[in-house]
$ cat structure.txt   # compact mmCIF, C-alpha atoms
# COMPACT_ATOMS: atom_id res chain seq x y z
CA MET A 1 40.99 2.45 -29.02
CA SER A 2 38.69 -0.01 -30.87
CA SER A 3 34.98 0.55 -31.40
CA THR A 4 34.16 -2.24 -28.93
CA ASN A 5 36.30 -0.63 -26.25
CA HIS A 6 34.63 2.71 -26.92
CA GLN A 7 31.22 1.12 -26.38
CA LYS A 8 32.32 -0.65 -23.19
CA ALA A 9 33.80 2.53 -21.77
CA GLY A 10 30.62 4.41 -22.63
CA LEU A 11 28.50 1.74 -20.95
CA PHE A 12 30.56 1.99 -17.77
CA ARG A 13 30.11 5.77 -17.79
CA LEU A 14 26.36 5.30 -18.19
CA LEU A 15 26.19 2.89 -15.26
CA GLU A 16 28.06 5.37 -13.11
CA ARG A 17 25.39 7.97 -13.83
CA ILE A 18 22.46 5.74 -12.91
CA ASP A 19 22.02 5.97 -9.16
CA LEU A 20 21.17 3.15 -6.78
CA GLN A 21 17.62 4.41 -6.33
CA LEU A 22 16.79 3.82 -9.98
CA LEU A 23 18.29 0.35 -9.96
CA LEU A 24 16.32 -0.57 -6.83
CA SER A 25 13.13 0.78 -8.39
CA PHE A 26 13.65 -1.36 -11.48
CA LEU A 27 14.29 -4.43 -9.32
CA ALA A 28 11.20 -3.70 -7.20
CA ILE A 29 9.04 -3.40 -10.34
CA LEU A 30 10.28 -6.76 -11.57
CA LEU A 31 9.59 -8.42 -8.21
CA LEU A 32 6.10 -6.90 -8.01
CA VAL A 33 5.23 -8.15 -11.50
CA LEU A 34 6.34 -11.65 -10.51
CA LEU A 35 4.38 -11.42 -7.25
CA PHE A 36 1.23 -10.34 -9.06
CA ARG A 37 1.55 -13.24 -11.47
CA GLN A 38 2.08 -15.63 -8.56
CA ILE A 39 -1.05 -14.37 -6.79
CA ALA A 40 -3.02 -14.90 -10.00
CA ASN A 41 -1.66 -18.46 -10.25
CA TRP A 42 -2.62 -19.19 -6.64
CA ILE A 43 -6.15 -17.95 -7.32
CA ASP A 44 -6.45 -20.10 -10.47
CA ALA A 45 -5.32 -23.12 -8.47
CA GLY A 46 -7.78 -22.40 -5.65
CA ALA A 47 -4.97 -21.97 -3.12
CA THR A 48 -6.45 -18.72 -1.77
CA ASP A 49 -10.06 -19.93 -1.41
CA ARG A 50 -9.78 -20.93 2.25
CA ILE A 51 -8.03 -17.81 3.52
CA ASP A 52 -10.30 -15.60 1.40
CA THR A 53 -13.39 -17.20 2.90
CA GLU A 54 -12.09 -17.03 6.47
CA LEU A 55 -11.17 -13.36 6.24
CA LEU A 56 -14.51 -12.43 4.68
CA ARG A 57 -16.41 -14.27 7.43
CA LEU A 58 -14.19 -12.70 10.07
CA CYS A 59 -15.77 -9.34 9.20
CA ARG A 60 -19.25 -10.69 9.98
CA ASP A 61 -20.91 -11.85 13.20
CA ASP A 62 -21.98 -15.39 14.04
CA THR A 63 -25.69 -14.92 13.37
CA PRO A 64 -27.33 -16.73 10.45
CA GLU A 65 -27.72 -13.38 8.68
CA MET A 66 -23.93 -12.81 8.94
CA ASN A 67 -24.34 -9.11 9.63
CA PRO A 68 -21.24 -6.91 9.50
CA ARG A 69 -19.39 -6.42 12.78
CA GLY A 70 -19.74 -2.95 14.23
CA SER A 71 -22.50 -0.43 14.70
CA PRO A 72 -24.60 0.92 11.81
CA ARG A 73 -22.69 4.19 12.14
CA PHE A 74 -19.39 2.35 11.66
CA VAL A 75 -20.75 0.56 8.58
CA GLY A 76 -21.82 3.90 7.17
CA ALA A 77 -18.37 5.35 7.86
CA VAL A 78 -16.74 2.44 6.01
CA ARG A 79 -19.01 3.06 3.03
CA ASP A 80 -18.01 6.72 3.06
CA PHE A 81 -14.31 5.91 3.36
CA THR A 82 -14.31 3.37 0.55
CA ALA A 83 -15.61 6.11 -1.75
CA LEU A 84 -12.15 7.71 -1.55
CA GLY A 85 -11.04 4.95 -3.89
CA SER A 86 -13.97 5.17 -6.28
CA GLY A 87 -13.56 6.15 -9.90
CA THR A 88 -15.60 9.32 -9.40
CA VAL A 89 -13.56 10.65 -6.46
CA LEU A 90 -10.19 9.68 -7.94
CA THR A 91 -11.06 11.20 -11.32
CA LEU A 92 -12.17 14.43 -9.65
CA LEU A 93 -8.99 14.47 -7.56
CA VAL A 94 -6.69 13.89 -10.53
CA LEU A 95 -8.45 16.52 -12.65
CA THR A 96 -8.36 19.05 -9.80
CA VAL A 97 -4.68 18.57 -9.03
CA SER A 98 -3.76 18.54 -12.73
CA LEU A 99 -5.69 21.78 -13.27
CA PHE A 100 -3.87 23.28 -10.26
CA TYR A 101 -0.52 22.50 -11.89
CA PHE A 102 -1.72 23.81 -15.25
CA LEU A 103 -2.72 27.11 -13.65
CA GLN A 104 0.76 27.33 -12.17
CA GLN A 105 2.13 26.70 -15.68
CA ARG A 106 3.74 23.49 -14.51
CA TRP A 107 2.46 21.73 -17.60
CA ARG A 108 4.68 18.67 -17.39
CA THR A 109 3.68 17.79 -13.83
CA GLY A 110 -0.03 18.22 -14.54
CA LEU A 111 0.09 16.29 -17.80
CA PHE A 112 2.24 13.62 -16.20
CA LEU A 113 -0.33 13.01 -13.44
CA LEU A 114 -3.24 13.06 -15.87
CA VAL A 115 -1.71 10.67 -18.42
CA THR A 116 -0.25 8.16 -15.95
CA SER A 117 -3.51 7.95 -13.96
CA THR A 118 -5.54 7.43 -17.14
CA LEU A 119 -3.21 4.73 -18.42
CA GLY A 120 -3.24 3.06 -15.00
CA TRP A 121 -7.04 2.96 -15.06
CA GLY A 122 -7.07 1.48 -18.55
CA LEU A 123 -4.57 -1.17 -17.52
CA MET A 124 -6.72 -2.13 -14.55
CA GLU A 125 -9.84 -2.56 -16.69
CA TRP A 126 -7.88 -4.70 -19.14
CA ILE A 127 -6.57 -6.96 -16.36
CA LYS A 128 -10.09 -7.36 -14.95
CA ASP A 129 -11.37 -8.50 -18.34
CA VAL A 130 -8.47 -10.93 -18.78
CA TYR A 131 -9.03 -12.76 -15.48
CA ALA A 132 -12.82 -12.21 -15.23
CA ARG A 133 -13.02 -13.37 -11.61
CA PRO A 134 -16.54 -13.11 -10.15
CA ARG A 135 -17.29 -11.23 -6.95
CA PRO A 136 -17.33 -13.21 -3.68
CA THR A 137 -20.58 -14.87 -2.69
CA VAL A 138 -19.58 -15.98 0.81
CA VAL A 139 -21.17 -12.93 2.41
CA SER A 140 -23.66 -10.33 1.27
CA HIS A 141 -22.42 -7.19 -0.43
CA LEU A 142 -22.90 -3.98 1.54
CA VAL A 143 -22.46 -1.84 -1.59
CA ALA A 144 -23.53 -2.52 -5.16
CA GLU A 145 -20.80 -3.62 -7.59
CA SER A 146 -21.14 -5.06 -11.09
CA SER A 147 -17.60 -5.33 -12.51
CA TYR A 148 -15.19 -8.24 -12.16
CA SER A 149 -13.40 -8.79 -8.87
CA PHE A 150 -9.72 -9.33 -9.70
CA PRO A 151 -7.81 -7.20 -9.01
CA SER A 152 -9.54 -4.72 -6.72
CA GLY A 153 -9.93 -1.51 -8.69
CA HIS A 154 -10.26 0.57 -5.51
CA ALA A 155 -7.02 -0.90 -4.12
CA LYS A 156 -5.10 -0.57 -7.38
CA MET A 157 -6.19 2.92 -8.35
CA SER A 158 -5.80 4.19 -4.78
CA ALA A 159 -2.20 3.03 -4.92
CA VAL A 160 -1.73 4.57 -8.37
CA VAL A 161 -3.23 7.97 -7.57
CA TYR A 162 -2.36 8.48 -3.91
CA LEU A 163 1.16 7.07 -4.13
CA THR A 164 1.86 9.16 -7.23
CA LEU A 165 0.48 12.28 -5.56
CA GLY A 166 2.41 11.49 -2.40
CA ALA A 167 5.63 11.11 -4.38
CA ILE A 168 5.03 14.42 -6.22
CA LEU A 169 4.28 16.31 -3.00
CA ALA A 170 7.23 14.70 -1.22
CA GLN A 171 9.53 15.65 -4.08
CA ARG A 172 8.38 19.27 -3.81
CA SER A 173 8.97 19.36 -0.04
CA ARG A 174 12.32 20.33 1.42
CA ARG A 175 11.94 19.05 4.97
CA ARG A 176 12.41 15.33 5.48
CA SER A 177 9.56 15.16 8.00
CA VAL A 178 7.16 16.59 5.43
CA LYS A 179 8.32 14.09 2.82
CA VAL A 180 7.70 11.24 5.27
CA PHE A 181 4.26 12.67 6.08
CA TRP A 182 3.08 12.74 2.45
CA ILE A 183 4.37 9.26 1.66
CA SER A 184 2.96 7.81 4.90
CA LEU A 185 -0.43 9.42 4.31
CA ALA A 186 -0.58 7.97 0.79
CA ILE A 187 0.29 4.48 2.08
CA VAL A 188 -2.24 4.61 4.94
CA LEU A 189 -5.03 5.78 2.62
CA THR A 190 -4.24 3.03 0.13
CA LEU A 191 -4.20 0.30 2.79
CA CYS A 192 -7.38 1.47 4.51
CA ILE A 193 -9.34 1.76 1.26
CA GLY A 194 -8.33 -1.79 0.30
CA CYS A 195 -9.42 -3.14 3.70
CA THR A 196 -12.85 -1.53 3.35
CA ARG A 197 -13.45 -3.60 0.21
CA VAL A 198 -13.08 -6.82 2.19
CA TYR A 199 -15.21 -5.53 5.07
CA LEU A 200 -17.98 -4.61 2.63
CA GLY A 201 -17.83 -8.12 1.13
CA VAL A 202 -17.30 -6.98 -2.47
CA HIS A 203 -13.76 -8.30 -2.87
CA HIS A 204 -11.78 -11.36 -1.91
CA PRO A 205 -8.75 -10.42 0.20
CA SER A 206 -6.54 -11.82 -2.58
CA ASP A 207 -8.17 -9.32 -4.98
CA VAL A 208 -7.16 -6.47 -2.69
CA LEU A 209 -3.63 -7.80 -2.26
CA ALA A 210 -3.24 -8.08 -6.03
CA GLY A 211 -4.62 -4.54 -6.41
CA TRP A 212 -2.07 -3.17 -3.95
CA VAL A 213 0.72 -4.99 -5.76
CA ALA A 214 -0.39 -3.85 -9.22
CA GLY A 215 -0.95 -0.26 -8.11
CA THR A 216 2.39 -0.02 -6.34
CA CYS A 217 4.10 -1.52 -9.36
CA TRP A 218 2.54 1.06 -11.65
CA ALA A 219 3.41 3.92 -9.29
CA LEU A 220 7.04 2.75 -9.17
CA PHE A 221 7.10 2.41 -12.95
CA VAL A 222 5.80 5.95 -13.27
CA PHE A 223 8.45 7.15 -10.82
CA LEU A 224 11.14 5.38 -12.82
CA ILE A 225 10.01 6.95 -16.09
CA ALA A 226 9.87 10.38 -14.45
CA ARG A 227 13.39 10.03 -13.08
CA LEU A 228 14.79 8.88 -16.40
CA TRP A 229 13.09 11.76 -18.17
CA ARG A 230 14.40 14.24 -15.63
CA ASP A 231 17.95 12.89 -15.93
CA ARG A 232 17.86 12.40 -19.70
CA GLN A 233 20.32 15.22 -20.34
CA ARG A 234 23.08 13.44 -18.44
CA LEU A 235 22.10 9.92 -19.49
CA LEU A 236 21.67 10.37 -23.24
CA PRO A 237 25.05 11.84 -24.22
CA TRP A 238 27.04 8.91 -22.80
CA LYS A 239 28.42 8.09 -26.28
CA LYS A 240 29.25 11.66 -27.21
CA PRO A 241 32.84 11.88 -25.89
CA PHE A 242 33.73 8.72 -27.79
CA THR A 243 31.94 9.40 -31.06
CA GLU A 244 33.55 12.83 -31.25
CA SER A 245 37.00 11.28 -30.85
CA LYS A 246 36.56 9.06 -33.92
CA PRO A 247 38.18 10.36 -37.12
CA THR A 248 35.80 11.53 -39.84
CA VAL A 249 35.74 9.37 -42.97
CA GLY A 250 37.46 11.15 -45.84
CA ALA A 251 38.95 13.86 -43.61
CA GLY A 252 42.34 15.25 -44.57
$ encode --input "structure.txt" --output "structure tokens"
Amino acid sequence: MSSTNHQKAGLFRLLERIDLQLLLSFLAILLLVLLFRQIANWIDAGATDRIDTELLRLCRDDTPEMNPRGSPRFVGAVRDFTALGSGTVLTLLVLTVSLFYFLQQRWRTGLFLLVTSTLGWGLMEWIKDVYARPRPTVVSHLVAESSYSFPSGHAKMSAVVYLTLGAILAQRSRRRSVKVFWISLAIVLTLCIGCTRVYLGVHHPSDVLAGWVAGTCWALFVFLIARLWRDRQRLLPWKKPFTESKPTVGAG
């Protein structure tokens, strides 16, 4: 058999070992990257200005002061809930869970969570600096913010941390109902935290949407890397049966 045929046969064997879940994850990552870029293009063209303004005003009453809808207690609850996506809370959560895994001597899981969350945060800050979109001025801000607006850091990092944690906990659970619970809880937390940013007037809705997209994309990318690393032993030696069959130069 020729060298080319050996390579083709090895490639087919490799494709057989890559399951459908990995292929769908790769496709989803690609689509999310394209969607994020499209949202950024719409914002640059001003296509989201009208819907952003309408949704921000929808969270306020019709008085000249444009006060937030809901009682003062509800506003306070929203402020408390949005803190679940803050850098302080997420950092504390990641460090605590990572330390928990370290104490259990599950070094790879703890380090994996710590490194991927840190890289995700750095990527978010870089994207903010690239686009440098100012905060909305349509309504007053109910919490103080000084960084750029696009994408929403709370929405993105909530998706990164909570979806990653949800995936880890689901993977460690045997019962399907428990897996669904962890993933559903992560999704609900991510969505609710993003919505609080619009209610508080500190983000355009398009910022939050882009944050969800970017965070989900990063979480899927992390999942893909983790799966490839876990399956490396059966993916890497795909050439071995063919290279071993080749005659050694100078043998005999």
$ closest_residue --input "structure.txt" --among "A:Arg174, A:Val180, A:Val208, A:Gly85" --to "Val160 of chain A" --atoms "only C-alpha atoms"
A:Gly85
$ closest_residue --input "structure.txt" --among "A:Leu22, A:Leu103, A:Val198, A:Ala159" --to "Ala214 of chain A" --atoms "all atoms listed in the file"
A:Ala159
$ closest_residue --input "structure.txt" --among "A:Phe223, A:Tyr148, A:Phe26, A:Trp121" --to "Val94 of chain A" --atoms "only C-alpha atoms"
A:Trp121
$ residues_near_point --input "structure.txt" --point "(-11.6, 4.6, 3.8)" --cutoff "9 Å" --atoms "all atoms listed in the file" --output "ChimeraX atom specification"
/A:77-85,189-196
$ closest_residue --input "structure.txt" --among "A:Leu142, A:Asp207, A:Trp182, A:Gly110" --to "Pro72 of chain A" --atoms "all atoms listed in the file"
A:Leu142
$ atom_distance --input "structure.txt" --atom1 "atom CA of Gly215 of chain A" --atom2 "atom CA of Met157 of chain A"
6.1 Å
$ residues_around --input "structure.txt" --residues "segment 125-135 of chain A" --least-positions-apart "4" --cutoff "9 Å" --atoms "only C-alpha atoms" --output "list of chain:residue names"
A:Ala40, A:Gly120, A:Trp121, A:Glu145, A:Ser146, A:Ser147, A:Tyr148, A:Ser149, A:Phe150, A:Pro151, A:Ser152, A:Gly153, A:Gly201, A:Val202, A:His203, A:His204
$ atom_distance --input "structure.txt" --atom1 "atom CA of Glu54 of chain A" --atom2 "atom CA of Val143 of chain A"
20.1 Å
$ atom_distance --input "structure.txt" --atom1 "atom CA of Thr164 of chain A" --atom2 "atom CA of Leu224 of chain A"
11.5 Å
$ closest_residue --input "structure.txt" --among "A:Ser206, A:Trp212, A:Ala186, A:Phe74" --to "Ala47 of chain A" --atoms "all atoms listed in the file"
A:Ser206
$ closest_residue --input "structure.txt" --among "A:His141, A:Arg175, A:Lys156, A:Arg37" --to "Met124 of chain A" --atoms "all atoms listed in the file"
A:Lys156
$ residues_around --input "structure.txt" --residues "Pro205 of chain A" --least-positions-apart "6" --cutoff "8 Å" --atoms "only C-alpha atoms" --output "list of chain:residue names"
A:Asp52, A:Leu55, A:Leu56, A:Val198
$ residues_around --input "structure.txt" --residues "Ile39 of chain A" --least-positions-apart "5" --cutoff "9 Å" --atoms "only C-alpha atoms" --output "number ranges by chain"
A: 34, 44, 48, 206-207, 209-210
$ write_last_selection --input "structure.txt" --atoms "C-alpha atoms" --output "compact mmCIF listing (two decimals), in the frame of the given file"
# COMPACT_ATOMS: atom_id res chain seq x y z
CA LEU A 34 6.34 -11.65 -10.51
CA ASP A 44 -6.45 -20.10 -10.47
CA THR A 48 -6.45 -18.72 -1.77
CA SER A 206 -6.54 -11.82 -2.58
CA ASP A 207 -8.17 -9.32 -4.98
CA LEU A 209 -3.63 -7.80 -2.26
CA ALA A 210 -3.24 -8.08 -6.03
$ residues_around --input "structure.txt" --residues "Leu114 of chain A" --least-positions-apart "4" --cutoff "9 Å" --atoms "all atoms listed in the file" --output "NGL selection string"
:A and (94-95 or 97-98 or 109-110 or 118-119)
